[in-house]
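Data block for work_29.pdb (PDB, C-alpha atoms, pLDDT in the B column):
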```pdb
ATOM      1  CA  MET A  29     -52.744 -41.733  38.389  1.00 40.00           C
ATOM      2  CA  SER A  30     -49.236 -43.028  38.834  1.00 41.00           C
ATOM      3  CA  ARG A  31     -46.532 -40.640  37.642  1.00 49.00           C
ATOM      4  CA  THR A  32     -44.348 -43.611  36.697  1.00 49.00           C
ATOM      5  CA  TRP A  33     -46.497 -45.321  34.049  1.00 53.00           C
ATOM      6  CA  PRO A  34     -44.068 -46.858  31.555  1.00 51.00           C
ATOM      7  CA  HIS A  35     -46.089 -45.722  28.511  1.00 65.00           C
ATOM      8  CA  LEU A  36     -45.718 -42.050  29.514  1.00 75.00           C
ATOM      9  CA  ALA A  37     -42.300 -41.669  27.900  1.00 80.00           C
ATOM     10  CA  PRO A  38     -40.656 -39.964  24.922  1.00 84.00           C
ATOM     11  CA  GLY A  39     -42.187 -41.093  21.628  1.00 87.00           C
ATOM     12  CA  ALA A  40     -45.189 -42.736  23.338  1.00 87.00           C
ATOM     13  CA  HIS A  41     -48.350 -43.371  21.299  1.00 90.00           C
ATOM     14  CA  LEU A  42     -51.181 -41.952  23.403  1.00 90.00           C
ATOM     15  CA  GLN A  43     -53.707 -40.833  20.773  1.00 94.00           C
ATOM     16  CA  GLY A  44     -57.171 -40.114  22.147  1.00 95.00           C
ATOM     17  CA  LEU A  45     -56.187 -41.089  25.682  1.00 93.00           C
ATOM     18  CA  TYR A  46     -58.268 -39.680  28.551  1.00 94.00           C
ATOM     19  CA  LEU A  47     -55.972 -38.013  31.089  1.00 92.00           C
ATOM     20  CA  VAL A  48     -58.450 -35.557  32.609  1.00 95.00           C
ATOM     21  CA  ARG A  49     -56.995 -33.829  35.712  1.00 96.00           C
ATOM     22  CA  ALA A  50     -53.861 -35.996  35.405  1.00 95.00           C
ATOM     23  CA  ASP A  51     -50.648 -35.002  37.176  1.00 95.00           C
ATOM     24  CA  LEU A  52     -48.006 -35.108  34.439  1.00 95.00           C
ATOM     25  CA  ARG A  53     -45.683 -32.453  35.855  1.00 95.00           C
ATOM     26  CA  GLY A  54     -42.116 -32.526  34.605  1.00 94.00           C
ATOM     27  CA  LEU A  55     -42.443 -35.680  32.480  1.00 95.00           C
ATOM     28  CA  ASP A  56     -40.463 -36.056  29.254  1.00 96.00           C
ATOM     29  CA  LEU A  57     -43.003 -36.651  26.479  1.00 96.00           C
ATOM     30  CA  THR A  58     -40.742 -35.546  23.622  1.00 97.00           C
ATOM     31  CA  GLU A  59     -42.302 -36.452  20.240  1.00 97.00           C
ATOM     32  CA  ALA A  60     -45.185 -38.294  21.940  1.00 96.00           C
ATOM     33  CA  ASP A  61     -48.386 -38.692  19.938  1.00 97.00           C
ATOM     34  CA  LEU A  62     -51.157 -37.184  22.054  1.00 97.00           C
ATOM     35  CA  SER A  63     -53.359 -36.236  19.114  1.00 98.00           C
ATOM     36  CA  GLY A  64     -56.990 -36.093  20.139  1.00 98.00           C
ATOM     37  CA  ALA A  65     -56.085 -36.746  23.789  1.00 97.00           C
ATOM     38  CA  HIS A  66     -58.306 -35.379  26.546  1.00 98.00           C
ATOM     39  CA  LEU A  67     -56.024 -33.490  28.931  1.00 97.00           C
ATOM     40  CA  ILE A  68     -58.703 -31.233  30.407  1.00 98.00           C
ATOM     41  CA  ALA A  69     -57.429 -29.524  33.586  1.00 98.00           C
ATOM     42  CA  ALA A  70     -54.288 -31.701  33.468  1.00 98.00           C
ATOM     43  CA  ASP A  71     -51.167 -30.487  35.274  1.00 98.00           C
ATOM     44  CA  LEU A  72     -48.378 -30.371  32.683  1.00 98.00           C
ATOM     45  CA  ARG A  73     -46.234 -27.696  34.333  1.00 98.00           C
ATOM     46  CA  GLY A  74     -42.621 -28.049  33.261  1.00 97.00           C
ATOM     47  CA  THR A  75     -43.424 -31.043  31.046  1.00 97.00           C
ATOM     48  CA  ILE A  76     -41.239 -31.598  27.979  1.00 97.00           C
ATOM     49  CA  LEU A  77     -43.520 -31.910  24.944  1.00 98.00           C
ATOM     50  CA  ARG A  78     -40.934 -30.922  22.339  1.00 98.00           C
ATOM     51  CA  GLY A  79     -42.088 -32.055  18.881  1.00 98.00           C
ATOM     52  CA  ALA A  80     -45.152 -33.773  20.378  1.00 98.00           C
ATOM     53  CA  ASP A  81     -48.348 -34.148  18.368  1.00 98.00           C
ATOM     54  CA  LEU A  82     -51.180 -32.542  20.330  1.00 98.00           C
ATOM     55  CA  SER A  83     -53.328 -31.765  17.298  1.00 98.00           C
ATOM     56  CA  THR A  84     -57.058 -31.748  18.112  1.00 98.00           C
ATOM     57  CA  ALA A  85     -56.238 -32.417  21.788  1.00 98.00           C
ATOM     58  CA  GLN A  86     -58.559 -31.068  24.471  1.00 98.00           C
ATOM     59  CA  LEU A  87     -56.376 -29.043  26.843  1.00 98.00           C
ATOM     60  CA  TRP A  88     -59.099 -26.836  28.280  1.00 98.00           C
ATOM     61  CA  ARG A  89     -57.891 -25.291  31.577  1.00 98.00           C
ATOM     62  CA  ALA A  90     -54.657 -27.316  31.396  1.00 98.00           C
ATOM     63  CA  GLN A  91     -51.673 -26.077  33.424  1.00 98.00           C
ATOM     64  CA  LEU A  92     -48.739 -25.754  30.991  1.00 98.00           C
ATOM     65  CA  ALA A  93     -46.696 -23.023  32.702  1.00 98.00           C
ATOM     66  CA  GLY A  94     -43.017 -23.425  31.881  1.00 98.00           C
ATOM     67  CA  ALA A  95     -43.687 -26.386  29.557  1.00 98.00           C
ATOM     68  CA  ASP A  96     -41.366 -27.057  26.614  1.00 98.00           C
ATOM     69  CA  LEU A  97     -43.622 -27.182  23.544  1.00 98.00           C
ATOM     70  CA  ARG A  98     -40.985 -26.289  20.953  1.00 98.00           C
ATOM     71  CA  ALA A  99     -42.027 -27.509  17.479  1.00 98.00           C
ATOM     72  CA  ALA A 100     -45.146 -29.159  18.945  1.00 98.00           C
ATOM     73  CA  GLN A 101     -48.139 -29.757  16.696  1.00 98.00           C
ATOM     74  CA  LEU A 102     -51.146 -28.056  18.313  1.00 98.00           C
ATOM     75  CA  GLY A 103     -53.265 -27.501  15.206  1.00 98.00           C
ATOM     76  CA  GLN A 104     -56.988 -27.341  16.061  1.00 98.00           C
ATOM     77  CA  ALA A 105     -56.259 -28.101  19.724  1.00 98.00           C
ATOM     78  CA  ASN A 106     -58.496 -26.545  22.379  1.00 98.00           C
ATOM     79  CA  LEU A 107     -56.417 -24.632  24.935  1.00 98.00           C
ATOM     80  CA  GLN A 108     -59.276 -22.475  26.163  1.00 98.00           C
ATOM     81  CA  GLN A 109     -58.395 -20.933  29.546  1.00 98.00           C
ATOM     82  CA  ALA A 110     -55.112 -22.873  29.658  1.00 98.00           C
ATOM     83  CA  ASP A 111     -52.134 -21.484  31.585  1.00 98.00           C
ATOM     84  CA  LEU A 112     -49.094 -21.234  29.282  1.00 98.00           C
ATOM     85  CA  GLU A 113     -47.166 -18.631  31.273  1.00 98.00           C
ATOM     86  CA  ASP A 114     -43.457 -18.716  30.362  1.00 98.00           C
ATOM     87  CA  ALA A 115     -44.021 -21.795  28.161  1.00 98.00           C
ATOM     88  CA  ASP A 116     -41.719 -22.232  25.147  1.00 98.00           C
ATOM     89  CA  LEU A 117     -43.716 -22.774  21.953  1.00 98.00           C
ATOM     90  CA  THR A 118     -40.964 -21.695  19.560  1.00 98.00           C
ATOM     91  CA  GLY A 119     -41.715 -23.039  16.071  1.00 98.00           C
ATOM     92  CA  ALA A 120     -44.971 -24.714  17.151  1.00 98.00           C
ATOM     93  CA  CYS A 121     -47.949 -25.220  14.864  1.00 98.00           C
ATOM     94  CA  LEU A 122     -50.984 -23.346  16.205  1.00 98.00           C
ATOM     95  CA  VAL A 123     -53.110 -23.399  13.032  1.00 98.00           C
ATOM     96  CA  TRP A 124     -56.773 -22.866  13.979  1.00 98.00           C
ATOM     97  CA  THR A 125     -55.882 -23.484  17.645  1.00 98.00           C
ATOM     98  CA  GLY A 126     -58.311 -22.249  20.312  1.00 98.00           C
ATOM     99  CA  LEU A 127     -56.622 -20.097  22.956  1.00 98.00           C
ATOM    100  CA  VAL A 128     -59.675 -18.126  24.102  1.00 98.00           C
ATOM    101  CA  GLY A 129     -59.110 -16.777  27.620  1.00 98.00           C
ATOM    102  CA  ALA A 130     -55.694 -18.455  27.909  1.00 98.00           C
ATOM    103  CA  ARG A 131     -52.715 -17.044  29.868  1.00 98.00           C
ATOM    104  CA  LEU A 132     -49.619 -16.701  27.684  1.00 98.00           C
ATOM    105  CA  ILE A 133     -47.754 -14.161  29.818  1.00 98.00           C
ATOM    106  CA  GLY A 134     -44.066 -14.177  28.878  1.00 98.00           C
ATOM    107  CA  ALA A 135     -44.519 -17.170  26.554  1.00 98.00           C
ATOM    108  CA  HIS A 136     -41.965 -17.751  23.779  1.00 98.00           C
ATOM    109  CA  LEU A 137     -43.780 -18.128  20.463  1.00 98.00           C
ATOM    110  CA  THR A 138     -41.112 -17.073  17.983  1.00 98.00           C
ATOM    111  CA  GLY A 139     -41.731 -18.435  14.499  1.00 98.00           C
ATOM    112  CA  VAL A 140     -45.046 -20.157  15.264  1.00 98.00           C
ATOM    113  CA  ASN A 141     -47.569 -20.850  12.532  1.00 98.00           C
ATOM    114  CA  GLY A 142     -50.664 -19.381  14.139  1.00 98.00           C
ATOM    115  CA  PHE A 143     -52.786 -19.013  11.019  1.00 98.00           C
ATOM    116  CA  GLY A 144     -56.390 -18.491  12.119  1.00 98.00           C
ATOM    117  CA  LEU A 145     -55.679 -19.034  15.821  1.00 98.00           C
ATOM    118  CA  ARG A 146     -58.406 -17.911  18.191  1.00 98.00           C
ATOM    119  CA  GLY A 147     -56.791 -15.861  20.958  1.00 98.00           C
ATOM    120  CA  GLN A 148     -59.704 -13.683  22.042  1.00 98.00           C
ATOM    121  CA  GLN A 149     -59.698 -12.450  25.638  1.00 98.00           C
ATOM    122  CA  ALA A 150     -56.331 -14.149  26.215  1.00 98.00           C
ATOM    123  CA  ASP A 151     -53.469 -12.480  28.102  1.00 98.00           C
ATOM    124  CA  TRP A 152     -50.419 -12.314  25.811  1.00 98.00           C
ATOM    125  CA  SER A 153     -48.539  -9.748  27.967  1.00 98.00           C
ATOM    126  CA  GLY A 154     -44.809  -9.835  27.272  1.00 98.00           C
ATOM    127  CA  ALA A 155     -45.140 -12.778  24.875  1.00 98.00           C
ATOM    128  CA  ASP A 156     -42.612 -13.077  22.038  1.00 98.00           C
ATOM    129  CA  LEU A 157     -44.408 -13.614  18.710  1.00 98.00           C
ATOM    130  CA  ARG A 158     -41.601 -12.389  16.463  1.00 98.00           C
ATOM    131  CA  TRP A 159     -41.479 -13.797  12.931  1.00 98.00           C
ATOM    132  CA  SER A 160     -44.744 -15.714  13.427  1.00 98.00           C
ATOM    133  CA  ASN A 161     -47.518 -16.282  10.906  1.00 98.00           C
ATOM    134  CA  LEU A 162     -50.598 -14.773  12.551  1.00 98.00           C
ATOM    135  CA  GLU A 163     -52.658 -14.266   9.420  1.00 98.00           C
ATOM    136  CA  LYS A 164     -56.401 -14.317  10.178  1.00 98.00           C
ATOM    137  CA  ALA A 165     -55.664 -14.687  13.921  1.00 98.00           C
ATOM    138  CA  GLN A 166     -58.331 -13.389  16.278  1.00 98.00           C
ATOM    139  CA  PHE A 167     -57.171 -11.239  19.206  1.00 98.00           C
ATOM    140  CA  GLN A 168     -60.417  -9.425  20.035  1.00 98.00           C
ATOM    141  CA  ARG A 169     -60.436  -8.037  23.599  1.00 98.00           C
ATOM    142  CA  ALA A 170     -57.075  -9.711  24.289  1.00 98.00           C
ATOM    143  CA  VAL A 171     -54.275  -8.153  26.358  1.00 98.00           C
ATOM    144  CA  LEU A 172     -51.075  -7.793  24.324  1.00 98.00           C
ATOM    145  CA  ARG A 173     -49.115  -5.371  26.515  1.00 98.00           C
ATOM    146  CA  ARG A 174     -45.400  -5.289  25.666  1.00 98.00           C
ATOM    147  CA  THR A 175     -45.852  -8.184  23.233  1.00 98.00           C
ATOM    148  CA  LEU A 176     -43.174  -8.536  20.547  1.00 98.00           C
ATOM    149  CA  LEU A 177     -44.700  -8.734  17.047  1.00 98.00           C
ATOM    150  CA  ARG A 178     -41.640  -7.700  15.002  1.00 98.00           C
ATOM    151  CA  GLY A 179     -41.645  -9.427  11.607  1.00 98.00           C
ATOM    152  CA  ALA A 180     -44.968 -11.195  12.249  1.00 98.00           C
ATOM    153  CA  ARG A 181     -47.345 -11.708   9.330  1.00 98.00           C
ATOM    154  CA  LEU A 182     -50.596 -10.077  10.427  1.00 98.00           C
ATOM    155  CA  ALA A 183     -52.764  -9.957   7.274  1.00 98.00           C
ATOM    156  CA  GLN A 184     -56.436  -9.964   8.288  1.00 98.00           C
ATOM    157  CA  ALA A 185     -55.598 -10.422  11.995  1.00 98.00           C
ATOM    158  CA  ASP A 186     -58.311  -8.879  14.196  1.00 98.00           C
ATOM    159  CA  PHE A 187     -57.216  -6.787  17.198  1.00 98.00           C
ATOM    160  CA  THR A 188     -60.625  -5.172  17.829  1.00 98.00           C
ATOM    161  CA  GLY A 189     -60.843  -3.973  21.441  1.00 98.00           C
ATOM    162  CA  ALA A 190     -57.410  -5.410  22.312  1.00 98.00           C
ATOM    163  CA  ASP A 191     -55.042  -3.731  24.793  1.00 98.00           C
ATOM    164  CA  LEU A 192     -51.997  -2.968  22.614  1.00 98.00           C
ATOM    165  CA  GLU A 193     -50.055  -0.793  25.072  1.00 98.00           C
ATOM    166  CA  GLY A 194     -46.308  -1.033  24.428  1.00 98.00           C
ATOM    167  CA  VAL A 195     -46.555  -3.581  21.589  1.00 98.00           C
ATOM    168  CA  VAL A 196     -43.358  -3.731  19.507  1.00 97.00           C
ATOM    169  CA  TRP A 197     -44.492  -3.923  15.878  1.00 94.00           C
ATOM    170  CA  ASP A 198     -41.129  -3.477  14.102  1.00 83.00           C
TER     171      ASP A 198
END
```
Rewrite the coordinates I just gave you, this time as structure tokens.
Amino acid sequence: MSRTWPHLAPGAHLQGLYLVRADLRGLDLTEADLSGAHLIAADLRGTILRGADLSTAQLWRAQLAGADLRAAQLGQANLQQADLEDADLTGACLVWTGLVGARLIGAHLTGVNGFGLRGQQADWSGADLRWSNLEKAQFQRAVLRRTLLRGARLAQADFTGADLEGVVWD
């Protein structure tokens, strides 16, 4: 795939597009509509997806380390086994998002709406989830070492079998 396709730009309309294993590193896709897109195993490291619509997108095993996903819409997206290390998801929508087995080490998730997110067996070590809505979130067998949860709404969140060493609750 060419990294210079003209339709891969801020505000682009790319709903349902198949970009499996695509190399999209460092592109600016601010406010792009990628809803329902298939980005399985895509390389999106350092990509700017600020305010982008990735709802229902398939991002299984996608590489998103260092990506800018501030205020992105990721509701019901599948990010199973995705790498989001040091990604910035501040203010993102993660309602019912699948993050099973994902790597979120050092990720910035302040103020996210993660109602019902599925984060089982994911590594959240050092992630910042302050002031987030994590009601009904599932963190079974996840690693949350040194994770910041100050001010987070955690009603009915499930941490069964999770590693909670050094978590900052308040």
Exercise for review: Give me the residues within 8 Å of range 137-153 of chain A as a PyMOL selection string, counting all atoms listed in the file and dropping any in the same chain fewer than 4 places off.
Suggested key: chain A and resi 109+116-133+157-175
Practice item. Could you tell me which residues the PyMOL selection byres ((chain A and resi 88) around 10) grabs in this file, written as a PyMOL selection string? Key: chain A and resi 48+66-70+85-87+89-91+105-111+126-128+130
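In this comparison, which uses only C-alpha atoms, the residue of A:Ile76, A:Val196, A:Ala100, A:Ala190 approaching Ala155 in chain A most closely is A:Val196.
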Picked residues, the PyMOL selection byres ((chain A and resi 78) around 6), as a short mmCIF file (atom, residue, chain, number, x, y, z; two decimals) with C-alpha atoms, in the frame of the given file:
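Here's the written file result38.cif:
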```cif
data_model
loop_
_atom_site.label_atom_id
_atom_site.label_comp_id
_atom_site.auth_asym_id
_atom_site.auth_seq_id
_atom_site.Cartn_x
_atom_site.Cartn_y
_atom_site.Cartn_z
CA THR A 58 -40.74 -35.55 23.62
CA ILE A 76 -41.24 -31.60 27.98
CA LEU A 77 -43.52 -31.91 24.94
CA GLY A 79 -42.09 -32.06 18.88
CA ALA A 80 -45.15 -33.77 20.38
CA ASP A 96 -41.37 -27.06 26.61
CA LEU A 97 -43.62 -27.18 23.54
CA ARG A 98 -40.98 -26.29 20.95
CA ALA A 100 -45.15 -29.16 18.94
#
```
Hits of the PyMOL selection byres ((chain A and resi 93) around 9) in this structure, as an mmCIF file with C-alpha atoms, in the frame of the given file:
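Output saved as expr.cif:
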```cif
data_model
loop_
_atom_site.group_PDB
_atom_site.id
_atom_site.type_symbol
_atom_site.label_atom_id
_atom_site.label_comp_id
_atom_site.auth_asym_id
_atom_site.auth_seq_id
_atom_site.Cartn_x
_atom_site.Cartn_y
_atom_site.Cartn_z
ATOM 1 C CA LEU A 72 -48.378 -30.371 32.683
ATOM 2 C CA ARG A 73 -46.234 -27.696 34.333
ATOM 3 C CA GLY A 74 -42.621 -28.049 33.261
ATOM 4 C CA THR A 75 -43.424 -31.043 31.046
ATOM 5 C CA GLN A 91 -51.673 -26.077 33.424
ATOM 6 C CA LEU A 92 -48.739 -25.754 30.991
ATOM 7 C CA GLY A 94 -43.017 -23.425 31.881
ATOM 8 C CA ALA A 95 -43.687 -26.386 29.557
ATOM 9 C CA ALA A 110 -55.112 -22.873 29.658
ATOM 10 C CA ASP A 111 -52.134 -21.484 31.585
ATOM 11 C CA LEU A 112 -49.094 -21.234 29.282
ATOM 12 C CA GLU A 113 -47.166 -18.631 31.273
ATOM 13 C CA ASP A 114 -43.457 -18.716 30.362
ATOM 14 C CA ALA A 115 -44.021 -21.795 28.161
ATOM 15 C CA ARG A 131 -52.715 -17.044 29.868
ATOM 16 C CA LEU A 132 -49.619 -16.701 27.684
ATOM 17 C CA ALA A 135 -44.519 -17.170 26.554
#
```
Around all the atoms of range 87-103 of chain A listed in the file, draw an axis-aligned box and extend it by 4 Å on each of the six sides; I want its centre and edge lengths in Å to one decimal, as lines of an AutoDock Vina configuration file.
```
center_x = -50.0
center_y = -26.4
center_z = 24.3
size_x = 26.1
size_y = 14.7
size_z = 26.2
```
Practice item. Identify which of the residues A:Ala50, A:Ala40, A:Leu177, A:Leu102 lies closest to Asp71 in chain A, counting all atoms listed in the file when measuring atom-to-atom distances. Key: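 Between A:Ala50, A:Ala40, A:Leu177, A:Leu102, the residue approaching Asp71 in chain A most closely is A:Ala50.
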Exercise for review: Work out how far apart CA of Asp198 in chain A and CA of Gln104 in chain A are and give it in Å to one decimal.
Suggested key: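 Pair CA of Asp198 in chain A / CA of Gln104 in chain A returns 28.7 Å.
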Study note, to complete from the structure: The distance between CA of Arg49 in chain A and CA of Gly154 in chain A is 28.2 Å
Check your understanding: So which one's closest to Ala99 in chain A, A:Arg178, A:Gly64, A:Ala185, A:His136? Using all atoms listed in the file, please.
Key ->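 Among A:Arg178, A:Gly64, A:Ala185, A:His136, it is A:His136 that comes nearest to Ala99 in chain A.
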Practice item. Would you mind telling me which residue in A:Leu36, A:Leu192, A:Ala180, A:Leu82 lies nearest to Leu57 in chain A when using only C-alpha atoms? Key: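 Going through A:Leu36, A:Leu192, A:Ala180, A:Leu82 one by one, the smallest distance to Leu57 in chain A is for A:Leu36.
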Practice item. For CA of Gln101 in chain A and CA of Ser63 in chain A, determine how far apart the two atoms are, in Å to one decimal place. Key: 8.7 Å
**Study point:** Nearest candidate to Gly44 in chain A (options A:Asp156, A:Asp56, A:Asp61, A:Glu193; using all atoms listed in the file)
**Key:**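 Going through A:Asp156, A:Asp56, A:Asp61, A:Glu193 one by one, the smallest distance to Gly44 in chain A is for A:Asp61.
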